[in-house]
Amino acid sequence: MNKKLTLIVALVVAFVVVFTSAFSLAIPSPKTEKQLAELYDICKDYQVSDKLYVIDSATFKSTEERHLAVSLQGIVAKVEPQIFIITNEISYDYLDIISKSGVKLIFDDSKGEPWTVETLLDKFKPYITDYGYVLYRSSEKAEGLNAATNLAALYGWLPVPLELQPLAEECKLELKEDFSDDEYNLKFQKEFFQKYKSEFKYNAVVSLRYEWTGLRDLAIQQGFYTFYIDDDEDGDSLRGKILDYAGSGTTVLGWAKYEVPYVSQASKNGSMVIPTDHCHNNSFLASFKCDVPEQKHNKTKKYIDTSKHYVAIVFSDGDNVQWLQNGFNEYFEKLSSEEQFPMTWTVSPSLQEFSSVTASMIYSASTVNDYLIAGVSGAGYIHPTEYPLNALDDFTDITASSMLKSGLSYVSILDSTPNNLIEDKALEHRLEYYARYDNIKGGVLSLDPDKYQGGEGKVYFANGKPFVSNRLSLWHPDGEDALVTEEWLKEQADIVNSYPADMETINGYSVINVHPWSISVENLSYFVSQLDEDVQLVTLDELLTLVENNIPHETATPDK
């Protein structure tokens, strides 16, 4: 029995040695800084007009009118971006910056009346190729609208919903294609893709359902293929075929019904996801270049107090470009809060490509107490352990490039918690792809399940650089903001207060994730007020510098 046990142990050890050796293969050499500067352009730049025609979405009588206006916006932008649609309060901030750049804003038509979809169509009708239009009917999964969007991208014909066909006829547009009587299902989508797939370029594809009224202008302008798939077995199969045809390195814009299978499928394909389903006016904003200032937090403070437990609070979901671009309160309210304490914010390093105006606003709003890092998992949202290694090379090249251009030095990475030694080594190996770049100094790991705290504070070292997992997540177990009470926040603070002061091991350091959808500014301020004096809040660069300088460079998990 002992001999058998000894043999089993020996075989296990041998397997581990062989497996570890397999993951010790040489990591690809990094690109030079000059090479990085020439990488990563999802969108083609257009020369913007010195006049910008501004229409308020409040004038739209229906979702169908809005879709028509956005589609027209994209068609015009294929020649010269000239239309801006006011969608929310932050639109006026954008228009103020654009106006100060010298662009003339035109709010009224020739009769002095605010633009409507009718007068806008009359003004820009000459931009519609052959005065053609494509007819479709509304549907939840946008089969007809997406097909019409794709023909607008290819041929410059205007997508027109069945309800607005009289308007198209009044403008003397010519019907080029009619999808209004087709049966909308997966078969319709498959046949359309099969017919037109070879005519598109695939540096990006777009996933949009009917109710999402943004992003189509960019898809039409840039010639990106647009589709929408529900997350069932047959739908996943078609989406997989689209991504397979697009090839690794494709950016997937928009969103889907379920986050995890969506990102997982894209990752396995070697693609990255950028949440942009509610982005507006990007056919103009992507080409309107705005100087982005350096981070105001540009000096990493040094700490030497051995009586403190060091904590970095990290605000998640900054990969969500639509969330940033629309100025959601959870982000901007805290950035502009008078009560300042060290905070780390995730931000998409790809944001400057889609809207450098937004990036400029965020960098300008931040203070010396606010530190910006790259949102998950770099240039776009992926699961690194599901990513093909030959594609991860290119993805981390792009990540290093976009982080360099955005002035970001640390990255947040989202993946699954390793369940065994093999998965642990796989994660550690993939971190080496990031760490091979000098301008990527380390990062924070948000590991699922358990609401990003599955790693329990475990630290990995890659190329001598620390990647620390979240030890705690301010994310209520039920995910409901109404359940985030002072009592619950005090319980979370007491957990942190119980952590020891220990500069020489990972026990003395904690990264805390903040869930932006359920934790308000007031919640966060109360949580901070309940921390003991021996808890020292720092920014992520400061915490990871302490970890790098003070603890052994080996994988370690804090004591419970």
# chains A, B, ... in the order shown; residues from 1 in each chain; ligands from 1
>>> select_by_dssp(residues="segment 299-433 of chain A", states="strand (DSSP E)", output="list in words")
His309, Tyr310, Val311, Ala312, Ile313, Val314, Phe315, Met343, Thr344, Trp345, Thr346, Val347, Asp370, Tyr371, Leu372, Ile373, Ala374, Val411, Ser412, Ile413, Leu414, Asp415 and Ser416 of chain A
>>> closest_residue(among="A:Phe84, A:Phe354, A:Tyr202, A:Tyr303", to="Ser248 of chain A", atoms="only C-alpha atoms")
A:Tyr202
>>> select_by_dssp(residues="segment 244-452 of chain A", states="helix (DSSP H, G or I)", output="JSON, numbers by chain")
{"A": [244, 245, 246, 259, 260, 261, 262, 263, 264, 265, 266, 267, 268, 269, 282, 283, 284, 285, 321, 322, 323, 324, 325, 329, 330, 331, 332, 333, 334, 335, 351, 352, 353, 354, 355, 356, 357, 358, 359, 360, 361, 362, 363, 364, 365, 384, 385, 386, 389, 390, 391, 392, 393, 394, 395, 396, 397, 398, 399, 400, 401, 402, 403, 404, 405, 406, 421, 422, 423, 424, 425, 426, 427, 428, 429, 430, 431, 432, 433, 434, 435]}
>>> residues_around(residues="Gln325 of chain A", least_positions_apart="5", cutoff="10 Å", atoms="only C-alpha atoms", output="ChimeraX atom specification")
/A:90-91,94,276,278-280,282,320,351,354-359,361-362
>>> write_last_selection(atoms="C-alpha atoms", output="PDB file, in the first residue's frame")
ATOM      1  CA  ILE A  90     -23.305  65.532 -20.364  1.00  0.00           C
ATOM      2  CA  SER A  91     -23.955  66.181 -24.065  1.00  0.00           C
ATOM      3  CA  TYR A  94     -19.208  67.911 -24.871  1.00  0.00           C
ATOM      4  CA  THR A 276     -20.298  50.527 -25.758  1.00  0.00           C
ATOM      5  CA  HIS A 278     -25.184  53.098 -25.082  1.00  0.00           C
ATOM      6  CA  CYS A 279     -22.421  55.206 -26.627  1.00  0.00           C
ATOM      7  CA  HIS A 280     -23.666  58.150 -28.655  1.00  0.00           C
ATOM      8  CA  ASN A 282     -18.969  58.436 -31.614  1.00  0.00           C
ATOM      9  CA  ASN A 320     -17.315  50.276 -19.570  1.00  0.00           C
ATOM     10  CA  LEU A 351     -11.381  55.479 -24.292  1.00  0.00           C
ATOM     11  CA  PHE A 354     -13.624  56.470 -28.959  1.00  0.00           C
ATOM     12  CA  SER A 355     -13.890  59.812 -27.170  1.00  0.00           C
ATOM     13  CA  SER A 356     -10.779  61.710 -26.174  1.00  0.00           C
ATOM     14  CA  VAL A 357     -13.142  64.436 -24.900  1.00  0.00           C
ATOM     15  CA  THR A 358     -14.395  62.024 -22.237  1.00  0.00           C
ATOM     16  CA  ALA A 359     -10.852  61.007 -21.313  1.00  0.00           C
ATOM     17  CA  MET A 361     -12.871  65.296 -18.685  1.00  0.00           C
ATOM     18  CA  ILE A 362     -11.982  62.361 -16.438  1.00  0.00           C
TER      19      ILE A 362
END
>>> residues_around(residues="Tyr40 of chain A", least_positions_apart="6", cutoff="9 Å", atoms="only C-alpha atoms", output="PDB file with N, CA and C atoms, in the first residue's frame")
ATOM      1  N   SER A 350      -8.727  52.317 -23.968  1.00  0.00           N
ATOM      2  CA  SER A 350      -9.234  52.516 -25.333  1.00  0.00           C
ATOM      3  C   SER A 350     -10.130  53.736 -25.430  1.00  0.00           C
ATOM      4  N   ASP A 397       0.275  43.193 -26.454  1.00  0.00           N
ATOM      5  CA  ASP A 397       0.935  44.256 -27.230  1.00  0.00           C
ATOM      6  C   ASP A 397       0.018  45.479 -27.308  1.00  0.00           C
ATOM      7  N   ILE A 398      -1.236  45.218 -27.690  1.00  0.00           N
ATOM      8  CA  ILE A 398      -2.208  46.304 -27.836  1.00  0.00           C
ATOM      9  C   ILE A 398      -2.478  46.973 -26.494  1.00  0.00           C
ATOM     10  N   THR A 399      -2.549  46.155 -25.438  1.00  0.00           N
ATOM     11  CA  THR A 399      -2.766  46.708 -24.100  1.00  0.00           C
ATOM     12  C   THR A 399      -1.621  47.620 -23.692  1.00  0.00           C
ATOM     13  N   SER A 401       0.366  49.193 -25.637  1.00  0.00           N
ATOM     14  CA  SER A 401       0.301  50.377 -26.490  1.00  0.00           C
ATOM     15  C   SER A 401      -0.739  51.359 -25.986  1.00  0.00           C
ATOM     16  N   SER A 402      -1.959  50.874 -25.729  1.00  0.00           N
ATOM     17  CA  SER A 402      -3.040  51.771 -25.301  1.00  0.00           C
ATOM     18  C   SER A 402      -2.777  52.340 -23.908  1.00  0.00           C
TER      19      SER A 402
END
>>> residues_around(residues="segment 130-139 of chain A", least_positions_apart="2", cutoff="10 Å", atoms="only C-alpha atoms", output="count of residues only")
46
>>> residues_around(residues="Gly318 of chain A", least_positions_apart="5", cutoff="7 Å", atoms="only C-alpha atoms", output="number ranges by chain")
A: 346-348, 375
>>> write_last_selection(atoms="C-alpha atoms", output="mmCIF file, in the first residue's frame")
data_model
loop_
_atom_site.group_PDB
_atom_site.id
_atom_site.type_symbol
_atom_site.label_atom_id
_atom_site.label_comp_id
_atom_site.auth_asym_id
_atom_site.auth_seq_id
_atom_site.Cartn_x
_atom_site.Cartn_y
_atom_site.Cartn_z
ATOM 1 C CA THR A 346 -10.335 51.882 -13.502
ATOM 2 C CA VAL A 347 -10.631 53.543 -16.892
ATOM 3 C CA SER A 348 -10.567 52.077 -20.384
ATOM 4 C CA GLY A 375 -9.894 48.623 -16.643
#
>>> closest_residue(among="A:Asp96, A:Gly455, A:Gln222, A:Gln265", to="Asn419 of chain A", atoms="only C-alpha atoms")
A:Gly455
